[in-house]
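Participant: So that you have it, the file is model00.txt, and it contains compact mmCIF, C-alpha atoms (C1' of nucleotides):
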# COMPACT_ATOMS: atom_id res chain seq x y z
CA MET O 14 -74.40 -155.77 104.54
CA GLY O 15 -70.66 -156.26 104.60
CA ARG O 16 -68.72 -158.45 106.96
CA PRO O 17 -70.00 -158.02 110.49
CA ARG O 18 -67.72 -156.86 113.27
CA SER O 19 -66.28 -159.83 115.09
CA PHE O 20 -65.99 -158.13 118.47
CA ASP O 21 -68.28 -156.29 120.83
CA ASP O 22 -67.41 -152.61 120.81
CA ASN O 23 -68.27 -152.23 124.47
CA VAL O 24 -66.06 -155.08 125.56
CA VAL O 25 -63.17 -153.66 123.57
CA LEU O 26 -63.79 -150.18 124.92
CA SER O 27 -63.89 -151.52 128.43
CA ARG O 28 -60.56 -153.28 128.05
CA ALA O 29 -58.97 -150.31 126.33
CA MET O 30 -60.24 -148.12 129.16
CA GLU O 31 -58.48 -150.31 131.70
CA ALA O 32 -55.24 -149.99 129.77
CA PHE O 33 -55.48 -146.21 129.47
CA TRP O 34 -56.51 -145.91 133.09
CA THR O 35 -53.58 -147.95 134.31
CA ASN O 36 -50.90 -146.46 132.09
CA GLY O 37 -52.13 -143.03 131.08
CA TYR O 38 -52.88 -141.82 127.59
CA ALA O 39 -49.34 -141.14 126.39
CA ASP O 40 -47.94 -144.31 127.94
CA THR O 41 -50.40 -146.66 126.26
CA SER O 42 -49.26 -147.73 122.80
CA PRO O 43 -51.39 -149.14 120.01
CA ALA O 44 -49.59 -152.43 120.49
CA GLN O 45 -50.62 -152.53 124.15
CA LEU O 46 -54.18 -151.68 123.19
CA ALA O 47 -54.22 -154.50 120.68
CA GLU O 48 -52.96 -156.92 123.28
CA ALA O 49 -55.33 -155.67 125.98
CA THR O 50 -58.36 -155.88 123.74
CA GLY O 51 -57.45 -158.98 121.77
CA VAL O 52 -58.11 -157.06 118.56
CA ALA O 53 -55.44 -156.40 115.95
CA LYS O 54 -54.11 -152.87 115.58
CA GLY O 55 -55.56 -152.51 112.12
CA SER O 56 -59.03 -153.45 113.29
CA LEU O 57 -58.84 -151.00 116.14
CA TYR O 58 -58.00 -148.21 113.74
CA ASN O 59 -60.74 -149.29 111.41
CA ALA O 60 -63.28 -149.31 114.20
CA PHE O 61 -62.17 -146.21 116.13
CA ARG O 62 -60.19 -144.09 113.62
CA SER O 63 -57.34 -143.02 115.93
CA LYS O 64 -55.82 -143.55 119.33
CA ARG O 65 -57.25 -140.25 120.46
CA ALA O 66 -60.79 -141.04 119.28
CA LEU O 67 -60.61 -144.42 120.98
CA PHE O 68 -59.45 -142.76 124.15
CA GLU O 69 -62.31 -140.30 124.11
CA ARG O 70 -64.80 -143.13 123.80
CA CYS O 71 -63.10 -144.80 126.77
CA LEU O 72 -63.53 -141.59 128.72
CA ASP O 73 -67.23 -141.58 127.89
CA LEU O 74 -67.54 -145.15 129.05
CA TYR O 75 -65.74 -144.33 132.28
CA HIS O 76 -68.04 -141.43 132.91
CA GLN O 77 -71.07 -143.61 132.29
CA GLN O 78 -69.80 -146.17 134.80
CA ILE O 79 -69.10 -143.45 137.34
CA ASN O 80 -72.64 -142.23 137.08
CA LYS O 81 -74.03 -145.70 137.61
CA LEU O 82 -71.78 -146.16 140.61
CA ALA O 83 -72.69 -142.79 142.09
CA GLU O 84 -76.36 -143.51 141.79
CA GLY O 85 -75.90 -146.70 143.76
CA LEU O 86 -73.57 -145.37 146.42
CA LEU O 87 -75.63 -142.29 147.19
CA GLU O 88 -78.70 -144.38 147.86
CA HIS O 89 -76.97 -146.03 150.79
CA PRO O 90 -79.15 -145.90 153.91
CA GLY O 91 -78.31 -143.78 156.95
CA SER O 92 -77.76 -140.12 157.56
CA THR O 93 -76.38 -137.85 154.88
CA ARG O 94 -73.06 -137.85 156.60
CA GLU O 95 -72.97 -141.61 156.90
CA CYS O 96 -74.01 -142.01 153.30
CA LEU O 97 -71.38 -139.62 151.95
CA GLY O 98 -68.74 -141.16 154.19
CA TYR O 99 -69.66 -144.59 152.94
CA ALA O 100 -69.55 -143.46 149.33
CA LEU O 101 -66.14 -141.82 149.64
CA ARG O 102 -64.69 -144.75 151.55
CA SER O 103 -66.02 -147.12 148.91
CA VAL O 104 -64.19 -145.26 146.17
CA VAL O 105 -61.00 -145.17 148.20
CA ASP O 106 -61.26 -148.86 149.03
CA SER O 107 -61.73 -149.69 145.39
CA ASP O 108 -58.69 -147.61 144.44
CA LEU O 109 -56.54 -149.30 147.06
CA ALA O 110 -57.69 -152.75 146.02
CA GLN O 111 -56.21 -152.41 142.54
CA PRO O 112 -52.98 -154.30 141.88
CA ARG O 113 -51.55 -151.06 140.48
CA ARG O 114 -52.72 -147.73 141.84
CA ARG O 115 -54.21 -145.67 139.08
CA GLY O 116 -56.34 -142.87 140.48
CA CYS O 117 -59.34 -141.50 138.62
CA LEU O 118 -59.35 -141.58 134.85
CA ILE O 119 -61.05 -138.19 134.66
CA GLY O 120 -58.66 -136.51 137.09
CA ASN O 121 -55.67 -138.19 135.51
CA THR O 122 -56.76 -137.03 132.09
CA ALA O 123 -57.34 -133.51 133.35
CA VAL O 124 -53.75 -133.46 134.52
CA GLU O 125 -52.35 -135.06 131.39
CA LEU O 126 -54.39 -133.48 128.61
CA ALA O 127 -56.55 -130.57 129.75
CA GLY O 128 -53.64 -128.17 129.44
CA GLN O 129 -52.97 -129.06 125.81
CA ASP O 130 -56.45 -129.79 124.49
CA PRO O 131 -59.30 -127.40 125.25
CA GLY O 132 -61.80 -129.81 123.74
CA VAL O 133 -60.86 -132.51 126.19
CA ALA O 134 -60.80 -129.96 129.00
CA LYS O 135 -64.40 -128.99 128.26
CA LYS O 136 -65.54 -132.56 128.14
CA LEU O 137 -63.84 -133.30 131.46
CA ARG O 138 -65.39 -130.24 133.00
CA ARG O 139 -68.86 -131.40 132.00
CA MET O 140 -68.19 -134.78 133.58
CA GLN O 141 -66.92 -133.22 136.79
CA ASP O 142 -69.95 -130.99 136.95
CA GLU O 143 -72.16 -134.03 136.79
CA SER O 144 -70.35 -135.59 139.73
CA THR O 145 -70.73 -132.39 141.68
CA GLY O 146 -74.41 -132.57 140.80
CA TRP O 147 -74.72 -135.99 142.41
CA PHE O 148 -73.20 -134.69 145.63
CA ALA O 149 -75.44 -131.61 145.59
CA ALA O 150 -78.52 -133.75 145.11
CA ARG O 151 -77.66 -135.88 148.12
CA VAL O 152 -76.94 -132.87 150.32
CA GLU O 153 -80.19 -131.23 149.30
CA ARG O 154 -82.06 -134.39 150.06
CA GLY O 155 -80.47 -134.25 153.50
CA GLN O 156 -81.70 -130.71 153.90
CA ARG O 157 -85.23 -131.68 152.93
CA GLU O 158 -85.10 -134.55 155.39
CA GLY O 159 -83.81 -132.27 158.15
CA ASP O 160 -80.49 -134.09 158.27
CA VAL O 161 -78.36 -131.19 157.06
CA PRO O 162 -78.59 -127.55 158.17
CA ARG O 163 -80.77 -125.48 155.86
CA ASP O 164 -78.25 -122.67 155.76
CA LEU O 165 -75.50 -124.84 154.31
CA ASP O 166 -74.73 -123.84 150.73
CA SER O 167 -75.36 -127.15 149.00
CA ARG O 168 -73.62 -126.12 145.80
CA ALA O 169 -70.50 -124.98 147.62
CA PHE O 170 -70.46 -128.07 149.79
CA ALA O 171 -70.91 -130.32 146.77
CA GLU O 172 -67.95 -128.65 145.09
CA HIS O 173 -65.97 -129.21 148.26
CA LEU O 174 -66.90 -132.89 148.18
CA ALA O 175 -65.94 -133.23 144.54
CA ASN O 176 -62.65 -131.53 145.30
CA THR O 177 -62.04 -133.78 148.28
CA LEU O 178 -62.67 -136.81 146.12
CA ALA O 179 -60.34 -135.53 143.40
CA GLY O 180 -57.69 -135.06 146.06
CA LEU O 181 -58.28 -138.47 147.60
CA ARG O 182 -57.74 -140.21 144.32
CA VAL O 183 -54.40 -138.51 143.92
CA MET O 184 -53.47 -139.12 147.53
CA ALA O 185 -54.46 -142.77 147.17
CA MET O 186 -51.53 -143.15 144.77
CA THR O 187 -49.12 -142.77 147.70
CA HIS O 188 -51.13 -143.14 150.91
CA GLU O 189 -52.87 -145.96 152.74
CA ALA O 190 -56.39 -146.32 154.07
CA PRO O 191 -56.06 -144.81 157.56
CA ALA O 192 -54.90 -141.39 156.40
CA LEU O 193 -57.47 -141.37 153.61
CA TYR O 194 -60.25 -142.26 156.02
CA ARG O 195 -59.18 -139.47 158.37
CA ILE O 196 -59.35 -137.05 155.48
CA ILE O 197 -62.87 -138.18 154.67
CA ASP O 198 -63.99 -137.72 158.26
CA THR O 199 -62.51 -134.25 158.46
CA ALA O 200 -64.03 -133.19 155.18
CA LEU O 201 -67.46 -134.27 156.38
CA ALA O 202 -67.18 -132.68 159.82
CA ALA O 203 -69.51 -129.85 158.88
CA LEU O 204 -72.46 -132.21 158.53
CA MET E 71 -9.22 -130.07 136.15
CA GLY E 72 -10.82 -130.74 132.79
CA ARG E 73 -13.10 -128.51 130.83
CA PRO E 74 -15.59 -126.76 133.11
CA ARG E 75 -19.31 -127.06 132.52
CA SER E 76 -20.52 -124.19 130.38
CA PHE E 77 -23.99 -124.03 131.94
CA ASP E 78 -25.35 -123.63 135.43
CA ASP E 79 -26.88 -126.91 136.54
CA ASN E 80 -29.58 -125.15 138.49
CA VAL E 81 -30.66 -123.01 135.57
CA VAL E 82 -30.85 -126.07 133.36
CA LEU E 83 -32.75 -128.02 136.01
CA SER E 84 -35.15 -125.17 136.43
CA ARG E 85 -35.90 -125.01 132.71
CA ALA E 86 -36.17 -128.76 132.42
CA MET E 87 -38.54 -128.72 135.36
CA GLU E 88 -40.79 -126.26 133.57
CA ALA E 89 -40.87 -128.51 130.52
CA PHE E 90 -41.70 -131.63 132.55
CA TRP E 91 -44.26 -129.73 134.57
CA THR E 92 -46.03 -128.42 131.50
CA ASN E 93 -45.97 -131.59 129.42
CA GLY E 94 -45.63 -134.45 131.86
CA TYR E 95 -42.79 -136.93 132.07
CA ALA E 96 -43.72 -139.21 129.17
CA ASP E 97 -44.66 -136.33 126.89
CA THR E 98 -41.36 -134.51 127.26
CA SER E 99 -38.74 -135.75 124.81
CA PRO E 100 -34.99 -135.34 125.04
CA ALA E 101 -35.24 -133.04 122.03
CA GLN E 102 -37.69 -130.79 123.87
CA LEU E 103 -35.47 -130.79 126.91
CA ALA E 104 -32.52 -129.75 124.81
CA GLU E 105 -34.51 -126.92 123.31
CA ALA E 106 -35.99 -125.82 126.64
CA THR E 107 -32.64 -125.77 128.37
CA GLY E 108 -30.51 -124.53 125.50
CA VAL E 109 -28.14 -127.45 126.08
CA ALA E 110 -27.53 -130.14 123.47
CA LYS E 111 -28.88 -133.61 124.09
CA GLY E 112 -25.43 -135.10 124.40
CA SER E 113 -24.47 -132.63 127.07
CA LEU E 114 -27.64 -133.26 129.00
CA TYR E 115 -26.98 -136.98 129.03
CA ASN E 116 -23.40 -136.40 130.04
CA ALA E 117 -24.45 -134.19 132.91
CA PHE E 118 -27.53 -136.07 134.12
CA ARG E 119 -27.10 -139.67 132.87
CA SER E 120 -30.71 -140.32 131.76
CA LYS E 121 -34.06 -138.69 131.23
CA ARG E 122 -35.31 -140.33 134.39
CA ALA E 123 -32.42 -139.13 136.52
CA LEU E 124 -32.82 -135.62 135.16
CA PHE E 125 -36.50 -135.76 135.98
CA GLU E 126 -35.86 -136.85 139.54
CA ARG E 127 -33.52 -133.91 140.04
CA CYS E 128 -36.26 -131.66 138.68
CA LEU E 129 -38.64 -133.14 141.20
CA ASP E 130 -36.19 -132.38 143.98
CA LEU E 131 -35.88 -128.82 142.78
CA TYR E 132 -39.64 -128.46 142.66
CA HIS E 133 -39.94 -129.75 146.18
CA GLN E 134 -37.30 -127.33 147.36
CA GLN E 135 -39.16 -124.43 145.78
CA ILE E 136 -42.44 -125.58 147.30
CA ASN E 137 -40.88 -125.57 150.74
CA LYS E 138 -39.56 -122.06 150.28
CA LEU E 139 -42.95 -120.91 149.10
CA ALA E 140 -44.77 -122.61 151.95
CA GLU E 141 -42.52 -121.01 154.50
CA GLY E 142 -43.35 -117.58 153.09
CA LEU E 143 -47.06 -118.09 152.64
CA LEU E 144 -47.66 -119.54 156.08
CA GLU E 145 -46.07 -116.55 157.75
CA HIS E 146 -48.77 -114.31 156.36
CA PRO E 147 -50.32 -112.16 159.12
CA GLY E 148 -53.86 -112.63 160.37
CA SER E 149 -55.78 -115.45 161.94
CA THR E 150 -54.96 -119.05 161.16
CA ARG E 151 -57.99 -119.25 158.95
CA GLU E 152 -57.07 -116.08 157.09
CA CYS E 153 -53.53 -117.23 156.68
CA LEU E 154 -54.44 -120.66 155.34
CA GLY E 155 -57.06 -119.15 153.06
CA TYR E 156 -54.52 -116.71 151.75
CA ALA E 157 -51.97 -119.45 151.16
CA LEU E 158 -54.39 -121.71 149.29
CA ARG E 159 -55.73 -118.84 147.19
CA SER E 160 -52.19 -117.85 146.33
CA VAL E 161 -51.42 -121.27 144.96
CA VAL E 162 -54.65 -121.35 142.99
CA ASP E 163 -54.02 -117.86 141.61
CA SER E 164 -50.57 -118.87 140.53
CA ASP E 165 -51.92 -121.98 138.81
CA LEU E 166 -54.57 -120.00 136.96
CA ALA E 167 -52.07 -117.37 135.87
CA GLN E 168 -50.06 -119.85 133.81
CA PRO E 169 -50.48 -119.68 130.05
CA ARG E 170 -51.06 -123.43 130.10
CA ARG E 171 -52.66 -125.09 133.10
CA ARG E 172 -50.32 -127.66 134.56
CA GLY E 173 -51.33 -128.52 138.09
CA CYS E 174 -48.78 -129.61 140.68
CA LEU E 175 -45.68 -131.43 139.57
CA ILE E 176 -45.78 -133.72 142.60
CA GLY E 177 -49.44 -134.61 142.19
CA ASN E 178 -49.06 -135.01 138.44
CA THR E 179 -46.11 -137.30 138.94
CA ALA E 180 -47.98 -139.32 141.53
CA VAL E 181 -50.68 -139.91 138.97
CA GLU E 182 -48.29 -140.63 136.13
CA LEU E 183 -45.53 -142.65 137.77
CA ALA E 184 -46.35 -143.74 141.32
CA GLY E 185 -48.25 -146.75 140.04
CA GLN E 186 -45.32 -148.05 138.01
CA ASP E 187 -42.34 -147.00 140.10
CA PRO E 188 -42.34 -147.67 143.84
CA GLY E 189 -39.15 -145.66 144.24
CA VAL E 190 -40.74 -142.57 142.82
CA ALA E 191 -43.86 -143.24 144.87
CA LYS E 192 -41.83 -143.27 148.06
CA LYS E 193 -40.07 -140.06 147.18
CA LEU E 194 -43.36 -138.36 146.39
CA ARG E 195 -44.82 -139.57 149.63
CA ARG E 196 -41.98 -138.02 151.60
CA MET E 197 -42.53 -134.74 149.81
CA GLN E 198 -46.25 -134.79 150.48
CA ASP E 199 -45.62 -135.55 154.12
CA GLU E 200 -43.47 -132.46 154.36
CA SER E 201 -46.24 -130.33 152.95
CA THR E 202 -48.65 -131.83 155.43
CA GLY E 203 -46.11 -130.97 158.09
CA TRP E 204 -46.18 -127.30 157.09
CA PHE E 205 -49.94 -127.23 157.46
CA ALA E 206 -49.81 -129.02 160.79
CA ALA E 207 -47.25 -126.55 162.11
CA ARG E 208 -49.44 -123.61 161.22
CA VAL E 209 -52.53 -125.16 162.76
CA GLU E 210 -50.66 -125.97 165.95
CA ARG E 211 -49.37 -122.45 166.12
CA GLY E 212 -53.00 -121.35 165.90
CA GLN E 213 -53.83 -123.62 168.79
CA ARG E 214 -51.03 -122.20 170.90
CA GLU E 215 -52.21 -118.69 170.08
CA GLY E 216 -55.79 -119.56 170.95
CA ASP E 217 -56.91 -119.09 167.38
CA VAL E 218 -57.87 -122.70 166.75
CA PRO E 219 -59.81 -125.01 169.07
CA ARG E 220 -57.54 -127.15 171.21
CA ASP E 221 -59.56 -130.26 170.52
CA LEU E 222 -59.02 -130.10 166.77
CA ASP E 223 -56.79 -132.94 165.61
CA SER E 224 -54.02 -130.94 163.98
CA ARG E 225 -52.59 -133.91 162.14
CA ALA E 226 -55.95 -134.91 160.68
CA PHE E 227 -56.75 -131.35 159.73
CA ALA E 228 -53.38 -130.90 158.09
CA GLU E 229 -53.97 -134.03 156.03
CA HIS E 230 -57.32 -132.62 155.06
CA LEU E 231 -55.66 -129.40 153.95
CA ALA E 232 -53.03 -131.24 151.94
CA ASN E 233 -55.77 -133.28 150.32
CA THR E 234 -57.80 -130.17 149.56
CA LEU E 235 -54.78 -128.61 147.93
CA ALA E 236 -54.10 -131.73 145.89
CA GLY E 237 -57.69 -131.62 144.73
CA LEU E 238 -57.58 -127.91 143.95
CA ARG E 239 -54.63 -128.31 141.69
CA VAL E 240 -56.44 -130.96 139.69
CA MET E 241 -59.65 -128.94 139.67
CA ALA E 242 -57.73 -125.87 138.55
CA MET E 243 -57.06 -127.68 135.28
CA THR E 244 -60.72 -127.29 134.35
CA HIS E 245 -62.25 -124.74 136.75
CA GLU E 246 -62.03 -121.00 137.28
CA ALA E 247 -61.29 -118.95 140.37
CA PRO E 248 -64.78 -118.52 141.86
CA ALA E 249 -65.48 -122.23 142.28
CA LEU E 250 -61.97 -122.83 143.59
CA TYR E 251 -62.31 -120.03 146.13
CA ARG E 252 -65.63 -121.42 147.30
CA ILE E 253 -63.94 -124.78 147.82
CA ILE E 254 -61.23 -123.16 149.91
CA ASP E 255 -63.76 -121.38 152.08
CA THR E 256 -65.74 -124.54 152.66
CA ALA E 257 -62.65 -126.57 153.48
CA LEU E 258 -61.64 -124.01 156.10
CA ALA E 259 -65.06 -123.66 157.66
CA ALA E 260 -64.08 -125.70 160.72
CA LEU E 261 -61.60 -123.04 161.85
C1' DC T 118 3.59 -125.02 126.70
C1' DG T 119 2.22 -129.90 126.64
C1' DA T 120 -0.26 -133.66 129.10
C1' DG T 121 -4.26 -135.15 130.77
C1' DT T 122 -9.11 -134.56 131.62
C1' DT T 123 -13.74 -133.22 130.88
C1' DT T 124 -17.30 -130.99 128.12
C1' DT T 125 -19.62 -130.05 123.77
C1' DA T 126 -22.44 -130.54 119.64
C1' DG T 127 -24.28 -133.15 116.67
C1' DA T 128 -24.13 -137.30 113.81
C1' DC T 129 -25.56 -141.86 114.47
C1' DC T 130 -28.20 -145.95 116.06
C1' DT T 131 -32.01 -149.16 117.35
C1' DA T 132 -36.59 -149.75 118.60
C1' DC T 133 -41.02 -148.63 118.60
C1' DA T 134 -45.17 -145.25 118.10
C1' DG T 135 -48.94 -144.31 115.39
C1' DT T 136 -50.94 -145.05 111.21
C1' DT T 137 -51.96 -146.89 106.53
C1' DC T 138 -52.43 -150.57 103.26
C1' DA T 139 -53.07 -154.88 100.72
C1' DA T 140 -55.09 -159.11 100.45
C1' DG T 141 -58.27 -162.10 101.89
C1' DA T 142 -62.86 -163.38 104.57
C1' DA T 143 -67.72 -163.07 105.74
C1' DA T 144 -71.84 -161.29 105.17
C1' DG T 145 -76.24 -159.31 102.03
C1' DG T 146 -78.35 -158.18 97.62
C1' DT T 147 -79.50 -159.73 92.85
C1' DA D 62 -73.10 -167.95 91.68
C1' DC D 63 -71.50 -163.21 91.69
C1' DC D 64 -70.89 -158.47 93.20
C1' DT D 65 -70.58 -155.14 96.61
C1' DT D 66 -69.65 -153.87 101.01
C1' DT D 67 -67.49 -153.97 105.34
C1' DC D 68 -64.52 -156.34 108.19
C1' DT D 69 -59.88 -158.83 109.43
C1' DT D 70 -55.01 -159.24 110.04
C1' DG D 71 -50.22 -158.78 109.43
C1' DA D 72 -46.92 -156.32 106.91
C1' DA D 73 -45.20 -151.94 105.63
C1' DC D 74 -44.04 -147.25 106.40
C1' DT D 75 -42.59 -142.73 108.36
C1' DG D 76 -41.15 -140.29 112.13
C1' DT D 77 -39.42 -139.77 116.53
C1' DA D 78 -37.91 -141.51 121.32
C1' DG D 79 -34.21 -142.28 123.95
C1' DG D 80 -29.71 -142.96 124.07
C1' DT D 81 -24.59 -143.58 122.49
C1' DC D 82 -20.34 -142.13 120.30
C1' DT D 83 -16.91 -139.32 118.41
C1' DA D 84 -13.95 -135.64 117.21
C1' DA D 85 -13.04 -131.28 118.39
C1' DA D 86 -12.73 -127.74 122.01
C1' DA D 87 -11.77 -125.85 126.56
C1' DC D 88 -10.05 -125.95 130.49
C1' DT D 89 -6.14 -127.30 134.84
C1' DC D 90 -1.98 -128.53 136.33
C1' DG D 91 2.94 -129.33 136.22
The structure in this file should be written as structure tokens.

Facilitator:
Amino acid sequence: MGRPRSFDDNVVLSRAMEAFWTNGYADTSPAQLAEATGVAKGSLYNAFRSKRALFERCLDLYHQQINKLAEGLLEHPGSTRECLGYALRSVVDSDLAQPRRRGCLIGNTAVELAGQDPGVAKKLRRMQDESTGWFAARVERGQREGDVPRDLDSRAFAEHLANTLAGLRVMAMTHEAPALYRIIDTALAAL
Amino acid sequence: MGRPRSFDDNVVLSRAMEAFWTNGYADTSPAQLAEATGVAKGSLYNAFRSKRALFERCLDLYHQQINKLAEGLLEHPGSTRECLGYALRSVVDSDLAQPRRRGCLIGNTAVELAGQDPGVAKKLRRMQDESTGWFAARVERGQREGDVPRDLDSRAFAEHLANTLAGLRVMAMTHEAPALYRIIDTALAAL
DNA sequence: CGAGTTTTAGACCTACAGTTCAAGAAAGGT
DNA sequence: ACCTTTCTTGAACTGTAGGTCTAAAACTCG
């Protein structure tokens, strides 16, 4: 009952996410969000309560998309090293292909908000842990398949990969592909 | 001639830098800057022209301090690996010791402003290149001293170290020392 | 000491951020 | 046909961002 919502929440969230991702949380105004989503300010507030709540839902959506992407990338054929190299290069390529460089929404948010909001910090940490989990799973698969030395600490190496990726997405703000590719190769040299 | 400035520019820049570093560029208002520096808004604008110009001078100061720090840390005794491990752990320790996590001003600024301001992006890139240069110098010293394999590409490895550090300072927003130390050890395993 | 210059503090200004509200519109229930 | 509910939008509102201006104050120099 009641008048039905005239827009698709997920479409609006997706567009809002792009705006936040490109401009950062503080630098994205309600007016920009209204323009980006095609929904009037009032409706946005009715549907999502506050700028902060909307942002957190955008974060969730981003995380969901990351997981889908990771699942695909880490199934790439070839050795563990080739697969991880491919996955990292894919992310870098996608970052560089954007008209405006914008890094990783999770990393950017960690830098912008984790220091002031412990709730957001915890949420980000859970998301990062999941990414680390994806890397660990792929490394362990490599170990089972004899591709990766048994004595490698998969957890530690996965954390290293997650860290490398976090770094790459910052470095991609100011660097070009060749340097980023070299970094990937060096980070994977142990495999 | 004329009334002399009643404050020390460098002290004011240093305090303004802390404010920008803790809160980010967009989230630091002129009022906060006045409070942090102890100088009235009007005087700040008279002395530094604009919030942006003040910020850029803070960036320069930060970079200067980084260089001083790097010079000290990379002179630490021991093998190249020990020295680099010590240097990276020192930075991480210092990040974690802050009452509010705040990452690296250069990396944070890359994320916040490089996408919208090519001038800032270029400046940040020059600063990052200098940091990479410090790492390269230490690795090459290791090669001269027989500490590091001759066939290691010092430039590529230095970029990898700079990237690892950039990542660490993002990860330090949400992680604790043990994971960060493990990342350092893994990143240095090639030495 | 007076002229000329620069700094200072804070009042002042315009625009917009973030949010709420009022009035109408589109459903379902009765 | 009406009532209730939830949605829609644009206007309205409060506070602050970012910056300017001014009158007084603090110096240097001649």

Participant: Suppose you want the space between atom CA of Lys54 of chain O and atom CA of Gly185 of chain E; what is it in Å?

Facilitator: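 Spanning atom CA of Lys54 of chain O to atom CA of Gly185 of chain E is a straight-line distance of 25.9 Å.
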
Participant: List the neighbours of Leu181 of chain O out to 8 Å using only C-alpha atoms (C1' of nucleotides); skip same-chain residues closer than 6 positions along the sequence, and give me the result as a VMD selection string.

Facilitator: (chain O and resid 105 193) or (chain E and resid 233 237)

Participant: Tell me which protein, DNA and RNA residues are within 10 Å of Asp198 of chain O, counting all atoms listed in the file, leaving out same-chain ones fewer than 5 positions away, and put them as a ChimeraX atom specification.

Facilitator: /O:94-95,97-98,101-102,192-193,203 /E:226-227,230

Participant: Provide as number ranges by chain the residues of chain T at most 8 Å from chain E, counting only C-alpha atoms (C1' of nucleotides).

Facilitator: T: 122-126

Participant: Please determine the contact residues of chain O with respect to chain E at a cut-off of 8 Å, counting all atoms listed in the file, and supply them as a PDB file with C-alpha atoms, in the frame of the given file.

Facilitator:
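Wrote part39.pdb, looks like this:
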ATOM      1  CA  THR O  35     -53.580-147.950 134.310  1.00  0.00           C
ATOM      2  CA  ASN O  36     -50.900-146.460 132.090  1.00  0.00           C
ATOM      3  CA  GLY O  37     -52.130-143.030 131.080  1.00  0.00           C
ATOM      4  CA  ALA O  39     -49.340-141.140 126.390  1.00  0.00           C
ATOM      5  CA  ASP O  40     -47.940-144.310 127.940  1.00  0.00           C
ATOM      6  CA  ARG O 113     -51.550-151.060 140.480  1.00  0.00           C
ATOM      7  CA  ARG O 114     -52.720-147.730 141.840  1.00  0.00           C
ATOM      8  CA  ARG O 115     -54.210-145.670 139.080  1.00  0.00           C
ATOM      9  CA  GLY O 116     -56.340-142.870 140.480  1.00  0.00           C
ATOM     10  CA  GLY O 120     -58.660-136.510 137.090  1.00  0.00           C
ATOM     11  CA  ASN O 121     -55.670-138.190 135.510  1.00  0.00           C
ATOM     12  CA  ALA O 123     -57.340-133.510 133.350  1.00  0.00           C
ATOM     13  CA  VAL O 124     -53.750-133.460 134.520  1.00  0.00           C
ATOM     14  CA  GLU O 125     -52.350-135.060 131.390  1.00  0.00           C
ATOM     15  CA  ALA O 127     -56.550-130.570 129.750  1.00  0.00           C
ATOM     16  CA  GLY O 128     -53.640-128.170 129.440  1.00  0.00           C
ATOM     17  CA  GLN O 129     -52.970-129.060 125.810  1.00  0.00           C
ATOM     18  CA  ALA O 134     -60.800-129.960 129.000  1.00  0.00           C
ATOM     19  CA  LYS O 135     -64.400-128.990 128.260  1.00  0.00           C
ATOM     20  CA  LEU O 137     -63.840-133.300 131.460  1.00  0.00           C
ATOM     21  CA  ARG O 138     -65.390-130.240 133.000  1.00  0.00           C
ATOM     22  CA  ALA O 169     -70.500-124.980 147.620  1.00  0.00           C
ATOM     23  CA  PHE O 170     -70.460-128.070 149.790  1.00  0.00           C
ATOM     24  CA  GLU O 172     -67.950-128.650 145.090  1.00  0.00           C
ATOM     25  CA  HIS O 173     -65.970-129.210 148.260  1.00  0.00           C
ATOM     26  CA  ASN O 176     -62.650-131.530 145.300  1.00  0.00           C
ATOM     27  CA  THR O 177     -62.040-133.780 148.280  1.00  0.00           C
ATOM     28  CA  LEU O 178     -62.670-136.810 146.120  1.00  0.00           C
ATOM     29  CA  ALA O 179     -60.340-135.530 143.400  1.00  0.00           C
ATOM     30  CA  GLY O 180     -57.690-135.060 146.060  1.00  0.00           C
ATOM     31  CA  LEU O 181     -58.280-138.470 147.600  1.00  0.00           C
ATOM     32  CA  VAL O 183     -54.400-138.510 143.920  1.00  0.00           C
ATOM     33  CA  MET O 184     -53.470-139.120 147.530  1.00  0.00           C
ATOM     34  CA  MET O 186     -51.530-143.150 144.770  1.00  0.00           C
ATOM     35  CA  THR O 187     -49.120-142.770 147.700  1.00  0.00           C
ATOM     36  CA  HIS O 188     -51.130-143.140 150.910  1.00  0.00           C
ATOM     37  CA  ALA O 192     -54.900-141.390 156.400  1.00  0.00           C
ATOM     38  CA  ARG O 195     -59.180-139.470 158.370  1.00  0.00           C
ATOM     39  CA  ILE O 196     -59.350-137.050 155.480  1.00  0.00           C
ATOM     40  CA  ILE O 197     -62.870-138.180 154.670  1.00  0.00           C
ATOM     41  CA  THR O 199     -62.510-134.250 158.460  1.00  0.00           C
ATOM     42  CA  ALA O 200     -64.030-133.190 155.180  1.00  0.00           C
ATOM     43  CA  ALA O 202     -67.180-132.680 159.820  1.00  0.00           C
ATOM     44  CA  ALA O 203     -69.510-129.850 158.880  1.00  0.00           C
TER      45      ALA O 203
END

Participant: Which residues are close to segment 129-140 of chain T, i.e. within 9 Å by all atoms listed in the file, leaving aside same-chain residues fewer than 2 positions away? Reply as a PyMOL selection string.

Facilitator: (chain O and resi 42-44+55+58+63-64) or (chain D and resi 72-74+76-78+80-82)

Participant: Once you count all atoms listed in the file, which residues of chain D turn out to be within 6 Å of chain E? Could you give them as an mmCIF file with C-alpha atoms (C1' of nucleotides), keeping the file's coordinate frame?

Facilitator:
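This is the output file part19.cif:
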data_model
loop_
_atom_site.group_PDB
_atom_site.id
_atom_site.type_symbol
_atom_site.label_atom_id
_atom_site.label_comp_id
_atom_site.auth_asym_id
_atom_site.auth_seq_id
_atom_site.Cartn_x
_atom_site.Cartn_y
_atom_site.Cartn_z
ATOM 1 C "C1'" DA D 87 -11.770 -125.850 126.560
ATOM 2 C "C1'" DC D 88 -10.050 -125.950 130.490
ATOM 3 C "C1'" DT D 89 -6.140 -127.300 134.840
#
